[in-house]
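Below you'll find the structure, written out as structure tokens, and then a few comments.
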Amino acid sequence: MKSSTKDTESILTREETRTGLGPETLKRAILNHLFYNQGKFPEIATRNDYYMAMSFAVRDRLLQRWVASVKKYLNADQKIVSYLSAEYLLGPHLANNLINLGIYENMEKASNSLGMNLDWLIAKEQEPGLGNGGLGRLAACYMDSLATLEIPAIGYGIRYQFGIFEQDIKDGWQIEDTDNWLRRGNPWEIAKRELGYDVKLGGYVQHYTDINGKFKANWIPGMIVKGIAYDTPILGYRVNTCNTLRLWKSEAPKSFDFQTFNQGLYSGAVSDKTVCENISKVLYPNDEQREGKILRLQQQYFFVSCSLQDMIAIHLSQGGKIERFYDKFVVQLNDTHPAIGVAEMMRLLVDVYEVEWDLAWDITKKSFAYTNHTLLPEALETWDQDLFQSVLPRHLEIIQEINRRFLDEVTIRTYGDQDLISSLSIISDGPWKKIRMANLACAGSFAINGVAALHSELLKKTVLKDWYQLWPEKFSNKTNGVTPRRWMVLSNPKLSSLISSKIGEGWIKNLDELTGLEQYADDPSFQQEWMVVKHEMKKDLAKRILQRTKIKVDPSSIFDVHVKRIHEYKRQHLNILHVIALYNRIKQNPDAEVVPRTFIFAGKAAPGYHLAKLMIKLITSVADVVNQDPIVKDRIKVVFYPNYNVTNAQRIYPAADVSEQISTAGKEASGTGNMKLSMNGALTIGTLDGANVEIRDCVGAENFFLFGLTEEEVQQKKSEGYNPFDYYMANPELKLAIDQINSGYFSHMNGSVFKDLINSLLYHDQYLVLADFESYVAEQERVAEAYKDKQRWAKMSILNAARMGKFSSDRSIKDYCDDIWKVGPSPVELVDFHQKTQ
Ligand code: Z2T
């Protein structure tokens, strides 16, 4: 296919010199961008200028592969995975792209020769924090794995102008600051100004009969916003596949149809610039509490409508028939945030493409699949029907019609079982009607999955029980995974090199190969090397902790890490109660043998979540007392590391000895930090919850610190009438700790600070913190005991990492591909894209 004309050759050579990967070429490319993009030269360029220039140089190299990938996907019979997610917690791109391109070392040389340090430049990047936590980070890991496995995919989402807030700690309290990540520009995105779709909002619906006697609906919007595509190339590891993350920015439509306007139909529809721009302005910072705000529903509908219009446009432009949409795209719903897509697809098919209802419903059900991420009832999305109607009047009608037909089917299948009918109904009955998004997602999808084995089982037994009873064939489990590229190679290069020195580099793409390390688990010299790397990483983190919090920590102490969103079900307060108990043991017996430990906490609390914010204040208050007390003699230290995000996570995981995964059994759907920590050699102390169960199965019970009630025992206790006060009275260490918090021991004798938290624990304790306290403290003693035996610990740590193969997101994505999406790899070749054909 390569033409041998002189012309083409010279273009190719030129392109190669421009986008080559050698250190000299890279250096020249950086200087070119510095000059032509930044208008700067070395003498006056700032580090940020260099960061931008380097990023553009890297982006050039991505674009080559991106264009080749897009070209391949233009092939009409190429099925594409479409991942719909309101959140993508990507983390910084630069270093990740260097690794996936295989030019990290060359870029180091290039920047050294420019008198720059690559680490400085990497640190300049403002990370795109377009997500809250696990769900958004999962989407980012999946984008990496889709590209690495050479699966054609598009991720669709929202280009929030402000991502997750930045957290600061003042006086021990969380302070939120807006995340203005685009302030200095974003070299990784390409705005497709010409690629936009109109999205209607509000207004009312007119009904009429057309000349053929067909009933028609005409949605007269209250306003129209325009979605503009911003594309970010997502390159796979050492492949040419470079997929697209397409994020929508909302804008006011520049021009509108004056004729329609003059007919009076669109009066008021031409909205204010600021109102339109508000839709993609800011990410809602709630992780697992729903926010029933109009703007949130507008955000969801806005990005889903743009995305579906885009997919249909792609499909039709390739000569596809609308009836065969599902041959071109399979649409995965990342929780119910994009579930409105089911109704929007019906609207597009029925109202716009005039497909007859039954066929439209058939097409819809063949296109969508739904992933559930939580069992917490307060996180299940519902919309007040009146609010819903005010934003999406046509969709309400469509949902009512979907529901009417759907309940007819249920009635026939269940012989009119009223309980089943009301539980499956998409619209709840009663005076305050609610649209239940999980029900819409289930009804409109051909596949439904949970994110860990236990979670998927519990879904079938609890929240989706009735769905499972009628449609068992739709259900499956897809245990979460994380990308070893970011979470090992990039964040822990020393450990990665050590691993590769023993078993080669194959593990990076085939994580099961890590089992090759098992044969070295007993080898004293390998154990030694392993622990040396760990120690180095702990020293690095200790430096950062000192800089950021002024707390001096000892790198030879156990680094006990509890990092994740702050939530009662994740039980950071259980951890801090243990810290207080240890502290009291030292106070009562100053010479007691205590294995030195540094308790490291990090995580954001939803700004409106009062108790979570109090949990942060409690941690920082205990830290203030414990860290200063001379009797402690630095044997225990407590650190709250502010502003937990992807960048900070990358620094914390490699330094962890102990991974705290202590949620109430049955509450954490999966967890993914548990996987990242274990891959980096941390040992888990955890409950039988989420993916912990599978992690323990893989690493072996003898390499895992288990404690606490099981999910069944939790249910059992609750049904017996759990009384936390009994536990408080029965355990003197627990009682003392709680009494101290209550009396103001940790808050300058002002006991009222924590009263809401204490009352919640003593009189409600829905997450059974007090019930699990004793078992947790006992297991923590085993942790300390184990750490004293350095060899045994090293062996356990090595075996933890060695047995994590299953938790690569490559495995997860392969499972989705095989069981749900029915899409396989489609390798991309680098071709001369200047040539139009052949
Ligand atoms: C979230 O991060 C998760 C679940 C949600 O339910 C919402 C958010 Cl923002 C609506 C988390 C789960 O808590 C966690 O267990 C899981 O590992 C993660 O999603 C990815 O599946």
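Ligands are numbered from 1 in the order shown, chains are lettered A, B, ... in the order of the structure tokens, and residues start at 1 in each chain.
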
Problem set entry | Residues flagged helix (DSSP H, G or I) by DSSP in range 541-657 of chain A, as a PyMOL selection string | chain A and resi 541-549+568-570+572-588+610-628+630-632+646-655

Exercise. Mind listing the residues within 8 Å of ligand 1, only C-alpha atoms and all ligand atoms counted, as a PyMOL selection string?
Worked result: chain A and resi 131-138+286-289+335-336+372-376+379-380+451+480+667-673+690-691

How about saving the chosen residues, C-alpha atoms kept, as a short mmCIF file (atom, residue, chain, number, x, y, z; two decimals), in the first residue's frame?
```cif
data_model
loop_
_atom_site.label_atom_id
_atom_site.label_comp_id
_atom_site.auth_asym_id
_atom_site.auth_seq_id
_atom_site.Cartn_x
_atom_site.Cartn_y
_atom_site.Cartn_z
CA GLY A 131 -14.25 12.33 38.87
CA ASN A 132 -14.93 11.70 42.52
CA GLY A 133 -13.20 8.44 43.27
CA GLY A 134 -13.41 4.77 42.36
CA LEU A 135 -16.05 5.00 39.65
CA GLY A 136 -14.28 7.77 37.74
CA ARG A 137 -10.86 6.19 38.15
CA LEU A 138 -12.23 2.86 36.92
CA ASN A 286 -20.71 13.68 45.94
CA ASP A 287 -19.43 10.16 45.68
CA GLU A 288 -22.23 8.01 46.96
CA GLN A 289 -25.00 10.37 47.87
CA ASP A 335 -23.79 3.39 36.76
CA THR A 336 -27.14 5.14 36.29
CA ASN A 372 -24.09 -1.07 38.96
CA HIS A 373 -21.49 0.29 41.40
CA THR A 374 -23.24 0.42 44.73
CA LEU A 375 -25.69 -1.24 47.07
CA LEU A 376 -26.09 1.82 49.28
CA ALA A 379 -26.88 6.36 46.24
CA LEU A 380 -29.60 4.89 44.01
CA VAL A 451 -18.15 -4.98 40.02
CA ASN A 480 -12.96 -4.46 38.67
CA LYS A 667 -21.12 -2.02 51.68
CA GLU A 668 -18.06 -1.53 49.45
CA ALA A 669 -19.08 -2.69 45.98
CA SER A 670 -15.51 -3.55 45.01
CA GLY A 671 -12.80 -1.11 45.96
CA THR A 672 -9.85 -0.59 43.61
CA GLY A 673 -7.32 1.06 45.92
CA GLY A 690 -16.07 -6.13 47.82
CA ALA A 691 -13.02 -7.34 45.97
#
```

Problem set entry | Ile586 in chain A environment, 10 Å, only C-alpha atoms, sequence neighbours closer than 5 positions dropped, as a ChimeraX atom specification | /A:580-581,591-594,631-633,635-636

If you keep N, CA and C atoms, can you produce a file of those selected residues as an mmCIF file, in the first residue's frame?
```cif
data_model
loop_
_atom_site.group_PDB
_atom_site.id
_atom_site.type_symbol
_atom_site.label_atom_id
_atom_site.label_comp_id
_atom_site.auth_asym_id
_atom_site.auth_seq_id
_atom_site.Cartn_x
_atom_site.Cartn_y
_atom_site.Cartn_z
ATOM 1 N N ILE A 580 -6.291 5.557 68.916
ATOM 2 C CA ILE A 580 -6.477 6.065 70.282
ATOM 3 C C ILE A 580 -6.200 4.951 71.307
ATOM 4 N N ALA A 581 -6.670 3.760 71.001
ATOM 5 C CA ALA A 581 -6.437 2.640 71.923
ATOM 6 C C ALA A 581 -4.943 2.374 72.096
ATOM 7 N N ASP A 591 6.546 1.982 78.826
ATOM 8 C CA ASP A 591 7.615 1.108 78.339
ATOM 9 C C ASP A 591 7.090 -0.069 77.541
ATOM 10 N N ALA A 592 5.790 -0.097 77.345
ATOM 11 C CA ALA A 592 5.200 -1.200 76.583
ATOM 12 C C ALA A 592 5.878 -1.291 75.224
ATOM 13 N N GLU A 593 6.028 -2.510 74.770
ATOM 14 C CA GLU A 593 6.636 -2.673 73.465
ATOM 15 C C GLU A 593 5.598 -2.335 72.384
ATOM 16 N N VAL A 594 5.914 -1.341 71.586
ATOM 17 C CA VAL A 594 4.996 -0.948 70.509
ATOM 18 C C VAL A 594 5.791 -0.942 69.214
ATOM 19 N N ILE A 631 5.611 11.240 75.681
ATOM 20 C CA ILE A 631 5.582 9.858 76.160
ATOM 21 C C ILE A 631 5.521 8.869 74.994
ATOM 22 N N VAL A 632 4.934 9.293 73.921
ATOM 23 C CA VAL A 632 4.808 8.415 72.744
ATOM 24 C C VAL A 632 6.186 8.137 72.134
ATOM 25 N N LYS A 633 7.073 9.091 72.294
ATOM 26 C CA LYS A 633 8.438 8.980 71.765
ATOM 27 C C LYS A 633 8.443 8.569 70.293
ATOM 28 N N ARG A 635 6.758 6.761 68.608
ATOM 29 C CA ARG A 635 6.472 5.387 68.186
ATOM 30 C C ARG A 635 5.209 5.296 67.337
ATOM 31 N N ILE A 636 4.273 6.171 67.598
ATOM 32 C CA ILE A 636 3.160 6.265 66.641
ATOM 33 C C ILE A 636 3.001 7.702 66.163
#
```

Seminar exercise, completed: Restricting to only C-alpha atoms, whichever of A:Asn278, A:Gln300, A:Thr462, A:Asn643 is closest to Ile169 in chain A is A:Asn643

Exercise. Closest to Glu712 in chain A among A:Arg193, A:Ala521, A:Ile211, A:Leu458, using only C-alpha atoms?
Worked result: A:Leu458

Exercise. Per DSSP on the backbone, what are the strand (DSSP E or B) residues of range 218-369 of chain A, as number ranges by chain?
Worked result: A: 218-220, 223-235, 242-251, 282, 329-334, 368-369

For the contact check between range 551-646 of chain A and range 83-91 of chain A, emit one row per residue of range 551-646 of chain A within 12 Å, containing the shortest atom pair and the distance in Å rounded to one decimal, counting only C-alpha atoms, chain then rising number order, as CSV.
```
residue,atom,partner,partner_atom,distance
A:Tyr644,CA,A:Gly91,CA,11.6
A:Asn645,CA,A:Gly91,CA,7.8
A:Val646,CA,A:Gly91,CA,5.1
```

Please produce a file of the residues just selected, as a PDB file, in the first residue's frame, where the atoms kept are C-alpha atoms.
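The resulting file, selection-v6.pdb, is shown below:
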```pdb
ATOM      1  CA  TYR A 644      -5.864  13.014  47.858  1.00  0.00           C
ATOM      2  CA  ASN A 645      -5.944  12.772  44.070  1.00  0.00           C
ATOM      3  CA  VAL A 646      -4.324  10.634  41.366  1.00  0.00           C
TER       4      VAL A 646
END
```

What are the closest atom pairs, with distances in Å to one decimal, for all residues of range 300-337 of chain A lying within 12 Å of range 234-246 of chain A? Consider only C-alpha atoms, order rows by chain and residue number, and present the result as a Markdown table.
```
| residue | atom | partner | partner_atom | distance |
| --- | --- | --- | --- | --- |
| A:Phe303 | CA | A:Arg246 | CA | 10.0 |
| A:Val304 | CA | A:Arg246 | CA | 11.6 |
| A:Cys306 | CA | A:Arg246 | CA | 10.2 |
| A:Ser307 | CA | A:Arg246 | CA | 8.5 |
| A:Asp310 | CA | A:Arg246 | CA | 10.1 |
| A:Met311 | CA | A:Arg246 | CA | 11.4 |
```

Output N, CA and C atoms for every residue in the selection just made, as a JSON list (two decimals), in the first residue's frame.
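Full text of result18.json as output:
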```
[["chain", "number", "residue", "atom", "x", "y", "z"],
["A", 303, "PHE", "N", -24.82, 15.38, 28.23],
["A", 303, "PHE", "CA", -23.70, 14.61, 27.64],
["A", 303, "PHE", "C", -24.19, 13.34, 26.96],
["A", 304, "VAL", "N", -25.27, 12.78, 27.49],
["A", 304, "VAL", "CA", -25.78, 11.55, 26.89],
["A", 304, "VAL", "C", -26.41, 11.84, 25.52],
["A", 306, "CYS", "N", -25.71, 14.39, 23.46],
["A", 306, "CYS", "CA", -24.62, 14.66, 22.50],
["A", 306, "CYS", "C", -23.98, 13.35, 22.05],
["A", 307, "SER", "N", -23.73, 12.46, 23.00],
["A", 307, "SER", "CA", -23.01, 11.22, 22.68],
["A", 307, "SER", "C", -23.84, 10.33, 21.75],
["A", 310, "ASP", "N", -23.99, 11.72, 18.35],
["A", 310, "ASP", "CA", -22.70, 11.53, 17.71],
["A", 310, "ASP", "C", -22.56, 10.10, 17.18],
["A", 311, "MET", "N", -22.93, 9.13, 18.00],
["A", 311, "MET", "CA", -22.84, 7.72, 17.57],
["A", 311, "MET", "C", -23.73, 7.47, 16.35]]
```

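Taking only C-alpha atoms into account, His207 in chain A lies nearest to A:Arg394 out of the set A:Ile695, A:Asn575, A:Pro377, A:Arg394.
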
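Near Gln332 in chain A, within a cut-off of 10 Å and counting only C-alpha atoms, sit the residues A:Val81, A:Ser82, A:Tyr83, A:Leu84, A:Ser85, A:Gly155, A:Pro338, A:Ala339, A:Ser367, A:Phe368, A:Ala369, A:Tyr370, A:Thr371, A:Ser445, A:Ala447, A:Ile448, A:Tyr816, A:Ile820, A:Trp821, with same-chain residues fewer than 4 positions away left out.
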
Restricting the output to N, CA and C atoms, write the selected residues as a PDB file, in the first residue's frame.
```
ATOM      1  N   VAL A  81     -16.810  -0.003  21.026  1.00  0.00           N
ATOM      2  CA  VAL A  81     -17.317   0.080  22.399  1.00  0.00           C
ATOM      3  C   VAL A  81     -17.500   1.553  22.750  1.00  0.00           C
ATOM      4  N   SER A  82     -18.676   1.892  23.228  1.00  0.00           N
ATOM      5  CA  SER A  82     -18.947   3.264  23.638  1.00  0.00           C
ATOM      6  C   SER A  82     -19.176   3.262  25.153  1.00  0.00           C
ATOM      7  N   TYR A  83     -18.253   3.892  25.865  1.00  0.00           N
ATOM      8  CA  TYR A  83     -18.322   3.889  27.332  1.00  0.00           C
ATOM      9  C   TYR A  83     -18.892   5.233  27.767  1.00  0.00           C
ATOM     10  N   LEU A  84     -20.063   5.208  28.375  1.00  0.00           N
ATOM     11  CA  LEU A  84     -20.697   6.454  28.822  1.00  0.00           C
ATOM     12  C   LEU A  84     -20.464   6.630  30.317  1.00  0.00           C
ATOM     13  N   SER A  85     -19.786   7.713  30.668  1.00  0.00           N
ATOM     14  CA  SER A  85     -19.487   7.933  32.084  1.00  0.00           C
ATOM     15  C   SER A  85     -19.510   9.426  32.392  1.00  0.00           C
ATOM     16  N   GLY A 155     -14.693   6.848  24.675  1.00  0.00           N
ATOM     17  CA  GLY A 155     -15.244   7.203  25.982  1.00  0.00           C
ATOM     18  C   GLY A 155     -15.956   8.531  25.835  1.00  0.00           C
ATOM     19  N   PRO A 338     -25.650   7.901  33.281  1.00  0.00           N
ATOM     20  CA  PRO A 338     -26.063   8.072  31.883  1.00  0.00           C
ATOM     21  C   PRO A 338     -27.312   7.262  31.510  1.00  0.00           C
ATOM     22  N   ALA A 339     -28.074   6.782  32.491  1.00  0.00           N
ATOM     23  CA  ALA A 339     -29.197   5.886  32.177  1.00  0.00           C
ATOM     24  C   ALA A 339     -30.315   6.581  31.409  1.00  0.00           C
ATOM     25  N   SER A 367     -28.683  -2.450  22.463  1.00  0.00           N
ATOM     26  CA  SER A 367     -27.536  -1.534  22.426  1.00  0.00           C
ATOM     27  C   SER A 367     -26.903  -1.275  23.786  1.00  0.00           C
ATOM     28  N   PHE A 368     -27.719  -1.296  24.848  1.00  0.00           N
ATOM     29  CA  PHE A 368     -27.229  -0.845  26.155  1.00  0.00           C
ATOM     30  C   PHE A 368     -26.897  -1.991  27.110  1.00  0.00           C
ATOM     31  N   ALA A 369     -25.889  -1.746  27.919  1.00  0.00           N
ATOM     32  CA  ALA A 369     -25.555  -2.637  29.032  1.00  0.00           C
ATOM     33  C   ALA A 369     -25.268  -1.741  30.242  1.00  0.00           C
ATOM     34  N   TYR A 370     -25.580  -2.233  31.422  1.00  0.00           N
ATOM     35  CA  TYR A 370     -25.546  -1.389  32.629  1.00  0.00           C
ATOM     36  C   TYR A 370     -24.654  -1.998  33.711  1.00  0.00           C
ATOM     37  N   THR A 371     -23.754  -1.183  34.239  1.00  0.00           N
ATOM     38  CA  THR A 371     -22.927  -1.586  35.381  1.00  0.00           C
ATOM     39  C   THR A 371     -23.414  -0.874  36.635  1.00  0.00           C
ATOM     40  N   SER A 445     -31.586  -2.515  29.149  1.00  0.00           N
ATOM     41  CA  SER A 445     -30.280  -3.108  28.862  1.00  0.00           C
ATOM     42  C   SER A 445     -30.359  -4.617  28.636  1.00  0.00           C
ATOM     43  N   ALA A 447     -27.690  -6.450  29.345  1.00  0.00           N
ATOM     44  CA  ALA A 447     -26.762  -7.026  30.328  1.00  0.00           C
ATOM     45  C   ALA A 447     -26.677  -6.114  31.537  1.00  0.00           C
ATOM     46  N   ILE A 448     -26.560  -6.739  32.698  1.00  0.00           N
ATOM     47  CA  ILE A 448     -26.459  -6.004  33.958  1.00  0.00           C
ATOM     48  C   ILE A 448     -25.313  -6.640  34.739  1.00  0.00           C
ATOM     49  N   TYR A 816     -15.390  -8.156  29.798  1.00  0.00           N
ATOM     50  CA  TYR A 816     -16.484  -7.367  29.192  1.00  0.00           C
ATOM     51  C   TYR A 816     -16.571  -7.656  27.692  1.00  0.00           C
ATOM     52  N   ILE A 820     -19.980  -9.531  27.207  1.00  0.00           N
ATOM     53  CA  ILE A 820     -21.033  -8.520  27.024  1.00  0.00           C
ATOM     54  C   ILE A 820     -20.916  -7.834  25.670  1.00  0.00           C
ATOM     55  N   TRP A 821     -19.760  -7.294  25.371  1.00  0.00           N
ATOM     56  CA  TRP A 821     -19.641  -6.444  24.187  1.00  0.00           C
ATOM     57  C   TRP A 821     -19.497  -7.220  22.889  1.00  0.00           C
TER      58      TRP A 821
END
```

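Distance annotation: of A:Ala655, A:Ile508, A:Met52, A:Ala453, the residue with the minimal separation from His33 in chain A is A:Met52; atom set is only C-alpha atoms.
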
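Nearest-residue note for Tyr51 in chain A: choosing from A:Asn117, A:Ser719, A:Gln628, A:Ser423, the minimum distance belongs to A:Asn117, counting only C-alpha atoms.
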
Exercise. Using only C-alpha atoms, which residues sit within 7 Å of Tyr653 in chain A once same-chain residues fewer than 4 positions away are excluded, as a PyMOL selection string?
Worked result: chain A and resi 649+676-677+680

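Taking only C-alpha atoms, the non-local environment of Arg296 in chain A within 10 Å (same-chain residues fewer than 4 positions away omitted) comprises Ile279, Ser280, Val282, Leu283, Tyr284, Arg290, Glu291, Gly292, Gln300, Tyr301, Phe302 and His337 of chain A.
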
Please produce a file of the residues just selected, as a CSV table (one decimal), in the first residue's frame, where the atoms kept are N, CA and C atoms.
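The file below, part-v2.csv, is the result:
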```csv
chain,number,residue,atom,x,y,z
A,279,ILE,N,-23.8,24.4,32.4
A,279,ILE,CA,-24.1,22.9,32.4
A,279,ILE,C,-22.8,22.1,32.5
A,280,SER,N,-21.8,22.5,31.8
A,280,SER,CA,-20.6,21.7,32.0
A,280,SER,C,-19.5,22.4,32.9
A,282,VAL,N,-19.2,22.5,36.4
A,282,VAL,CA,-18.5,21.9,37.6
A,282,VAL,C,-19.0,20.5,37.9
A,283,LEU,N,-18.1,19.7,38.3
A,283,LEU,CA,-18.4,18.3,38.7
A,283,LEU,C,-19.1,18.3,40.1
A,284,TYR,N,-20.2,17.6,40.3
A,284,TYR,CA,-20.8,17.4,41.6
A,284,TYR,C,-19.9,16.6,42.5
A,290,ARG,N,-26.8,10.8,46.4
A,290,ARG,CA,-27.4,11.5,45.2
A,290,ARG,C,-27.7,12.9,45.5
A,291,GLU,N,-27.7,13.7,44.4
A,291,GLU,CA,-27.9,15.1,44.5
A,291,GLU,C,-29.1,15.4,43.6
A,292,GLY,N,-30.3,15.6,44.1
A,292,GLY,CA,-31.5,15.7,43.2
A,292,GLY,C,-31.7,17.1,42.6
A,300,GLN,N,-26.4,15.3,33.0
A,300,GLN,CA,-26.5,13.9,32.6
A,300,GLN,C,-27.2,13.8,31.2
A,301,TYR,N,-28.3,14.5,31.0
A,301,TYR,CA,-28.9,14.5,29.7
A,301,TYR,C,-28.1,15.1,28.7
A,302,PHE,N,-27.5,16.2,29.0
A,302,PHE,CA,-26.7,17.0,28.0
A,302,PHE,C,-25.6,16.1,27.4
A,337,HIS,N,-25.8,7.2,36.1
A,337,HIS,CA,-25.7,8.6,35.7
A,337,HIS,C,-26.0,8.8,34.2
```

For this session: Give me the residues within 9 Å of Lys366 in chain A as a ChimeraX atom specification, counting only C-alpha atoms and dropping any in the same chain fewer than 2 places off.
Result: /A:325-326,330,361-364,368-369,444-446

Take the residues from that selection and put them in a file with C-alpha atoms, as a CSV table (one decimal), in the first residue's frame.
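Below is the file that was written, out.csv:
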```csv
chain,number,residue,atom,x,y,z
A,325,PHE,CA,-27.2,0.7,15.4
A,326,TYR,CA,-26.2,-2.1,17.7
A,330,VAL,CA,-22.4,-1.3,22.2
A,361,TRP,CA,-37.4,-0.7,21.9
A,362,ASP,CA,-35.8,-3.8,20.4
A,363,ILE,CA,-32.9,-1.7,19.0
A,364,THR,CA,-32.5,0.1,22.4
A,368,PHE,CA,-27.2,-0.8,26.2
A,369,ALA,CA,-25.6,-2.6,29.0
A,444,GLY,CA,-33.4,-0.9,28.7
A,445,SER,CA,-30.3,-3.1,28.9
A,446,PHE,CA,-29.4,-6.6,27.6
```

For this session: Have a look at A:Arg324, A:Phe599, A:Arg65, A:Asp818 and name the one nearest to Leu101 in chain A; count only C-alpha atoms.
Result: A:Arg65
